[in-house]
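Novice: Please find one structure pasted underneath; my questions will follow.
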Amino acid sequence: MTSAGAVGAVGAGAAEGARKVRLAVVTAGLSDPSSSRLLADRLAEATRVALREEGTEAEVTTVELRNVATEIAHHFVSGFPGGALREAIDDITGADGLIAVTPVFSASYSGLFKSFFDVLEQDTLAGKPVLLAATGGTPRHSLVLEHAMRPLFTYLRAVTVPTAVYAATDDWAAPDDGLTP
C-alpha cells in the first residue's frame with residue numbers, strides 16, 4: 001500500500017544514521033470507525049513494516065480531526081489553538097513524515113481536512129514528505145488526489161510522494177483487494 005518513494009522519503013527525513021523516525025497520520029473521517037481511518041491505519045502499518053525492513057523503526061501517531069473539530073473552529077475566530085489542537089499540530093510538525101487521509105465530499109477533500117491545514121502556520125510542512133490518500137463512494141472521485149490534495153500540499157511546500165492511494169466503497173468489499181480485514 002505504500003510506495004518505495006514514500007518509504008525512502010520518510011527515512012530521508014530522519015537525521016543521518018538515525019534508526020527511528022516519527023510518522024504522523026491525519027485522518028478526517030467523521031464516523032467511528034470511518035473508512036478513512038481504516039485506510040490510514042493500513043497505510044501507517046504498511047509504511048512501518050517497510051521501514052522496519054530497511055532497518056528503521058517508526059513511531060506512529062494518529063490524529064483524528066473529528067476529535068479536534070470544535071477547537072479548529074475556535075482557532076479561526078480566536079487565533080489560538082486549544083490544548084488538543086496544539087497537541088495535534090505538534091504531532092504533525094514534529095513528525096519526519098505524514099500520511100494524510102480524507103473522505104471525499106462534493107468531489108474534493110472534506111472541509112474539516114482543509115480547515116485543519118488552514119490553521120497551520122506557514123511553512124509548517126515545508127520539506128516534509130507526505131503520502132496522500134482518500135476514500136469515497138465511487139472510483140470517479142479518485143481524481144481528488146491529483147486535482148485537490150496534491151495542489152494543497154504543494155502550496156504548503158510539502159514533498160508529496162509520487163504514489164497516492166484511493167479506496168472506493170466497493171474496494172472494501174472485493175475479496176482480493178488488499179483492503180478487506
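In the C-alpha cells, chains take the letters A, B, ... in the order shown, each chain's residues start at 1, and ligands count up from 1 in the order shown.
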As a PyMOL selection string, please: every residue in range 29-164 of chain A that a backbone DSSP assignment puts in alpha helix (DSSP H).
Specialist: chain A and resi 35-53+69-78+83-93+111-119+144+150-155
Novice: List the spatial neighbours of Gly97 in chain A as an NGL selection string - criterion: any atom at most 6 Å away, only C-alpha atoms, same-chain residues fewer than 4 positions off excluded.
Specialist: :A and (10 or 23 or 128-130)
Novice: Given the selection you just returned, output its residues as a file containing all heavy atoms, formatted as a compact mmCIF listing (two decimals), in the first residue's frame.
Specialist:
# COMPACT_ATOMS: atom_id res chain seq x y z
N VAL A 10 10.38 9.18 3.82
CA VAL A 10 10.25 9.27 5.27
C VAL A 10 11.58 8.97 5.93
O VAL A 10 12.03 9.67 6.82
CB VAL A 10 9.16 8.30 5.81
CG1 VAL A 10 9.19 8.25 7.32
CG2 VAL A 10 7.80 8.75 5.33
N LEU A 23 6.27 9.18 12.49
CA LEU A 23 5.31 9.27 11.41
C LEU A 23 3.99 9.75 11.98
O LEU A 23 3.49 9.18 12.95
CB LEU A 23 5.14 7.88 10.77
CG LEU A 23 4.18 7.74 9.61
CD1 LEU A 23 4.64 8.57 8.41
CD2 LEU A 23 4.05 6.28 9.22
N LYS A 128 8.45 18.42 4.24
CA LYS A 128 8.02 17.18 4.91
C LYS A 128 7.41 16.22 3.87
O LYS A 128 6.54 16.60 3.12
CB LYS A 128 6.98 17.49 5.98
CG LYS A 128 6.69 16.31 6.89
CD LYS A 128 5.78 16.66 8.03
CE LYS A 128 6.30 17.73 8.93
NZ LYS A 128 7.38 17.38 9.81
N PRO A 129 7.86 14.97 3.83
CA PRO A 129 7.27 14.00 2.91
C PRO A 129 5.85 13.64 3.35
O PRO A 129 5.60 13.41 4.53
CB PRO A 129 8.21 12.80 2.97
CG PRO A 129 9.00 12.97 4.21
CD PRO A 129 9.00 14.41 4.57
N VAL A 130 4.94 13.60 2.36
CA VAL A 130 3.54 13.32 2.65
C VAL A 130 3.01 12.28 1.68
O VAL A 130 3.18 12.41 0.46
CB VAL A 130 2.67 14.60 2.52
CG1 VAL A 130 1.21 14.30 2.81
CG2 VAL A 130 3.19 15.69 3.47
Novice: Looking at A:His141, A:Lys20, A:Arg42, A:His74, which one is nearest to Thr56 in chain A, with distances taken over only C-alpha atoms?
Specialist: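 Ranking A:His141, A:Lys20, A:Arg42, A:His74 by distance to Thr56 in chain A, first place goes to A:Lys20.
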Novice: Hey, what's within 10 Å of Ala126 in chain A if we count only C-alpha atoms and toss same-chain stuff fewer than 5 positions away? As a list of chain:residue names, please?
Specialist: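 So the residues in contact are A:Thr93, A:Phe153, A:Thr154, A:Tyr155, A:Leu156, A:Arg157, A:Ala158, A:Val159.
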Novice: Export, as a JSON list (two decimals), in the first residue's frame, the selected residues with N, CA and C atoms.
Specialist:
[["chain", "number", "residue", "atom", "x", "y", "z"],
["A", 93, "THR", "N", 3.97, 18.67, 13.20],
["A", 93, "THR", "CA", 5.21, 19.41, 12.96],
["A", 93, "THR", "C", 6.44, 18.65, 13.43],
["A", 153, "PHE", "N", -1.06, 20.41, -0.89],
["A", 153, "PHE", "CA", 0.21, 20.13, -0.23],
["A", 153, "PHE", "C", 1.40, 20.73, -0.96],
["A", 154, "THR", "N", 1.26, 20.94, -2.26],
["A", 154, "THR", "CA", 2.30, 21.67, -2.99],
["A", 154, "THR", "C", 2.34, 23.11, -2.51],
["A", 155, "TYR", "N", 1.17, 23.71, -2.34],
["A", 155, "TYR", "CA", 1.10, 25.07, -1.81],
["A", 155, "TYR", "C", 1.73, 25.15, -0.42],
["A", 156, "LEU", "N", 1.53, 24.12, 0.38],
["A", 156, "LEU", "CA", 2.09, 24.09, 1.74],
["A", 156, "LEU", "C", 3.59, 23.74, 1.72],
["A", 157, "ARG", "N", 4.14, 23.53, 0.54],
["A", 157, "ARG", "CA", 5.55, 23.23, 0.32],
["A", 157, "ARG", "C", 5.99, 21.89, 0.90],
["A", 158, "ALA", "N", 5.03, 20.98, 1.07],
["A", 158, "ALA", "CA", 5.36, 19.62, 1.48],
["A", 158, "ALA", "C", 5.88, 18.88, 0.25],
["A", 159, "VAL", "N", 6.51, 17.75, 0.48],
["A", 159, "VAL", "CA", 7.00, 16.91, -0.61],
["A", 159, "VAL", "C", 6.06, 15.71, -0.72]]
Novice: Run DSSP on the backbone of this structure and report the residues of range 85-141 of chain A it assigns to strand (DSSP E), as a list in words.
Specialist: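 Everything in range 85-141 of chain A that counts as strand (DSSP E) is Gly97, Leu98, Ile99, Ala100, Val101, Thr102, Pro103, Val104, Phe105, Ser108, Tyr109, Pro129, Val130, Leu131, Leu132, Ala133, Ala134, Thr135 and Gly136 of chain A.
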Novice: Restricting the output to N, CA, C and O atoms, write the selected residues as a short mmCIF file (atom, residue, chain, number, x, y, z; two decimals), in the first residue's frame.
Specialist:
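Produced file again26.cif, reproduced below:
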data_model
loop_
_atom_site.label_atom_id
_atom_site.label_comp_id
_atom_site.auth_asym_id
_atom_site.auth_seq_id
_atom_site.Cartn_x
_atom_site.Cartn_y
_atom_site.Cartn_z
N GLY A 97 7.55 12.37 8.74
CA GLY A 97 6.72 12.14 7.56
C GLY A 97 5.26 12.17 7.95
O GLY A 97 4.92 12.06 9.13
N LEU A 98 4.40 12.32 6.96
CA LEU A 98 2.97 12.47 7.20
C LEU A 98 2.18 11.61 6.23
O LEU A 98 2.53 11.53 5.04
N ILE A 99 1.14 10.98 6.73
CA ILE A 99 0.14 10.32 5.90
C ILE A 99 -1.14 11.10 6.11
O ILE A 99 -1.60 11.26 7.25
N ALA A 100 -1.71 11.65 5.03
CA ALA A 100 -2.91 12.49 5.12
C ALA A 100 -4.05 11.82 4.37
O ALA A 100 -3.94 11.57 3.17
N VAL A 101 -5.14 11.52 5.10
CA VAL A 101 -6.27 10.79 4.53
C VAL A 101 -7.56 11.56 4.77
O VAL A 101 -7.85 11.97 5.90
N THR A 102 -8.34 11.74 3.71
CA THR A 102 -9.61 12.44 3.81
C THR A 102 -10.71 11.68 3.09
O THR A 102 -10.44 11.01 2.09
N PRO A 103 -11.93 11.78 3.58
CA PRO A 103 -13.05 11.31 2.77
C PRO A 103 -13.31 12.36 1.68
O PRO A 103 -12.92 13.52 1.83
N VAL A 104 -13.94 11.93 0.61
CA VAL A 104 -14.28 12.86 -0.46
C VAL A 104 -15.72 13.31 -0.29
O VAL A 104 -16.63 12.49 -0.17
N PHE A 105 -15.90 14.63 -0.24
CA PHE A 105 -17.23 15.24 -0.19
C PHE A 105 -17.32 16.23 -1.34
O PHE A 105 -16.42 17.08 -1.50
N SER A 108 -14.18 16.77 -3.56
CA SER A 108 -12.94 17.33 -3.02
C SER A 108 -12.72 16.80 -1.61
O SER A 108 -13.50 16.01 -1.10
N TYR A 109 -11.62 17.25 -0.98
CA TYR A 109 -11.36 16.86 0.40
C TYR A 109 -12.43 17.47 1.29
O TYR A 109 -13.11 18.42 0.92
N PRO A 129 7.86 14.97 3.83
CA PRO A 129 7.27 14.00 2.91
C PRO A 129 5.85 13.64 3.35
O PRO A 129 5.60 13.41 4.53
N VAL A 130 4.94 13.60 2.36
CA VAL A 130 3.54 13.32 2.65
C VAL A 130 3.01 12.28 1.68
O VAL A 130 3.18 12.41 0.46
N LEU A 131 2.36 11.25 2.21
CA LEU A 131 1.64 10.27 1.42
C LEU A 131 0.18 10.69 1.44
O LEU A 131 -0.42 10.84 2.51
N LEU A 132 -0.41 10.90 0.27
CA LEU A 132 -1.80 11.33 0.15
C LEU A 132 -2.71 10.12 -0.03
O LEU A 132 -2.38 9.19 -0.77
N ALA A 133 -3.88 10.18 0.61
CA ALA A 133 -4.86 9.10 0.46
C ALA A 133 -6.25 9.66 0.67
O ALA A 133 -6.44 10.66 1.37
N ALA A 134 -7.22 9.00 0.04
CA ALA A 134 -8.61 9.43 0.17
C ALA A 134 -9.53 8.23 0.04
O ALA A 134 -9.16 7.19 -0.52
N THR A 135 -10.73 8.41 0.57
CA THR A 135 -11.78 7.39 0.44
C THR A 135 -13.03 8.06 -0.10
O THR A 135 -13.25 9.25 0.11
N GLY A 136 -13.84 7.28 -0.81
CA GLY A 136 -15.08 7.82 -1.34
C GLY A 136 -16.00 6.73 -1.80
O GLY A 136 -15.63 5.55 -1.83
#
Novice: Tell me, in Å to one decimal, how far CA of Gly94 in chain A is from CA of Val63 in chain A.
Specialist: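 Between these atoms lies a distance of 12.9 Å.
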Novice: In Å to one decimal, how far is CA of Thr124 in chain A from CA of Glu87 in chain A?
Specialist: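 Here the two named atoms are 14.2 Å from each other.
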Novice: Neighbouring residues of Pro81 in chain A were defined as those with any atom within 7 Å, considering only C-alpha atoms; residues of the same chain fewer than 5 positions away were excluded. Please report them as a compact mmCIF listing (two decimals) with all heavy atoms, in the first residue's frame.
Specialist:
# COMPACT_ATOMS: atom_id res chain seq x y z
N GLU A 71 -12.22 22.72 18.26
CA GLU A 71 -11.05 23.55 18.51
C GLU A 71 -10.52 24.19 17.22
O GLU A 71 -9.99 25.29 17.25
CB GLU A 71 -9.95 22.75 19.21
CG GLU A 71 -10.31 22.42 20.64
CD GLU A 71 -9.16 21.84 21.43
OE1 GLU A 71 -7.98 22.12 21.10
OE2 GLU A 71 -9.44 21.10 22.39
N HIS A 75 -10.20 28.15 16.76
CA HIS A 75 -8.93 28.73 16.33
C HIS A 75 -9.16 29.79 15.25
O HIS A 75 -8.50 30.83 15.24
CB HIS A 75 -7.99 27.65 15.82
CG HIS A 75 -6.62 28.15 15.48
ND1 HIS A 75 -6.35 28.85 14.33
CD2 HIS A 75 -5.44 28.04 16.14
CE1 HIS A 75 -5.06 29.17 14.29
NE2 HIS A 75 -4.49 28.68 15.38
N ARG A 86 -3.43 22.06 19.73
CA ARG A 86 -2.00 22.34 19.83
C ARG A 86 -1.21 21.04 19.82
O ARG A 86 -0.18 20.91 19.16
CB ARG A 86 -1.71 23.14 21.11
CG ARG A 86 -0.27 23.31 21.49
CD ARG A 86 0.73 23.88 20.50
NE ARG A 86 0.31 24.96 19.69
CZ ARG A 86 0.78 25.20 18.45
NH1 ARG A 86 1.69 24.42 17.91
NH2 ARG A 86 0.36 26.21 17.75
Novice: May I ask for the distance between CA of Pro139 in chain A and CA of Ala168 in chain A, given in Å to one decimal place?
Specialist: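 We find that CA of Pro139 in chain A and CA of Ala168 in chain A lie 5.5 Å from each other.
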Novice: Between A:Leu143, A:Ala44, A:Leu65, A:Leu51, which one has atoms that come closest to Leu85 in chain A, using only C-alpha atoms?
Specialist: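 Among A:Leu143, A:Ala44, A:Leu65, A:Leu51, it is A:Leu65 that comes nearest to Leu85 in chain A.
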Novice: Name all residues at most 9 Å from Val60 in chain A (count only C-alpha atoms; drop same-chain ones fewer than 4 positions away) and give them as a PDB file with N, CA and C atoms, in the first residue's frame.
Specialist:
ATOM      1  N   VAL A  21      12.193   6.917  13.257  1.00  0.00           N
ATOM      2  CA  VAL A  21      11.523   8.090  12.702  1.00  0.00           C
ATOM      3  C   VAL A  21      10.133   8.216  13.328  1.00  0.00           C
ATOM      4  N   ARG A  22       9.623   9.424  13.266  1.00  0.00           N
ATOM      5  CA  ARG A  22       8.267   9.669  13.745  1.00  0.00           C
ATOM      6  C   ARG A  22       7.377   9.900  12.526  1.00  0.00           C
ATOM      7  N   LEU A  23       6.273   9.184  12.494  1.00  0.00           N
ATOM      8  CA  LEU A  23       5.315   9.267  11.405  1.00  0.00           C
ATOM      9  C   LEU A  23       3.988   9.750  11.981  1.00  0.00           C
ATOM     10  N   ALA A  24       3.442  10.816  11.409  1.00  0.00           N
ATOM     11  CA  ALA A  24       2.137  11.321  11.837  1.00  0.00           C
ATOM     12  C   ALA A  24       1.106  10.936  10.786  1.00  0.00           C
ATOM     13  N   VAL A  25      -0.064  10.578  11.251  1.00  0.00           N
ATOM     14  CA  VAL A  25      -1.177  10.221  10.379  1.00  0.00           C
ATOM     15  C   VAL A  25      -2.330  11.151  10.720  1.00  0.00           C
ATOM     16  N   ALA A  44      -0.351   3.317   7.458  1.00  0.00           N
ATOM     17  CA  ALA A  44       0.652   3.506   8.519  1.00  0.00           C
ATOM     18  C   ALA A  44       1.346   2.188   8.831  1.00  0.00           C
ATOM     19  N   GLU A  45       0.597   1.120   8.925  1.00  0.00           N
ATOM     20  CA  GLU A  45       1.191  -0.185   9.220  1.00  0.00           C
ATOM     21  C   GLU A  45       2.085  -0.649   8.077  1.00  0.00           C
ATOM     22  N   ARG A  48       5.214   1.360   8.285  1.00  0.00           N
ATOM     23  CA  ARG A  48       6.012   0.926   9.430  1.00  0.00           C
ATOM     24  C   ARG A  48       6.754  -0.380   9.126  1.00  0.00           C
ATOM     25  N   ALA A  95       6.828  15.405  13.301  1.00  0.00           N
ATOM     26  CA  ALA A  95       6.985  14.139  12.588  1.00  0.00           C
ATOM     27  C   ALA A  95       7.990  14.273  11.448  1.00  0.00           C
TER      28      ALA A  95
END
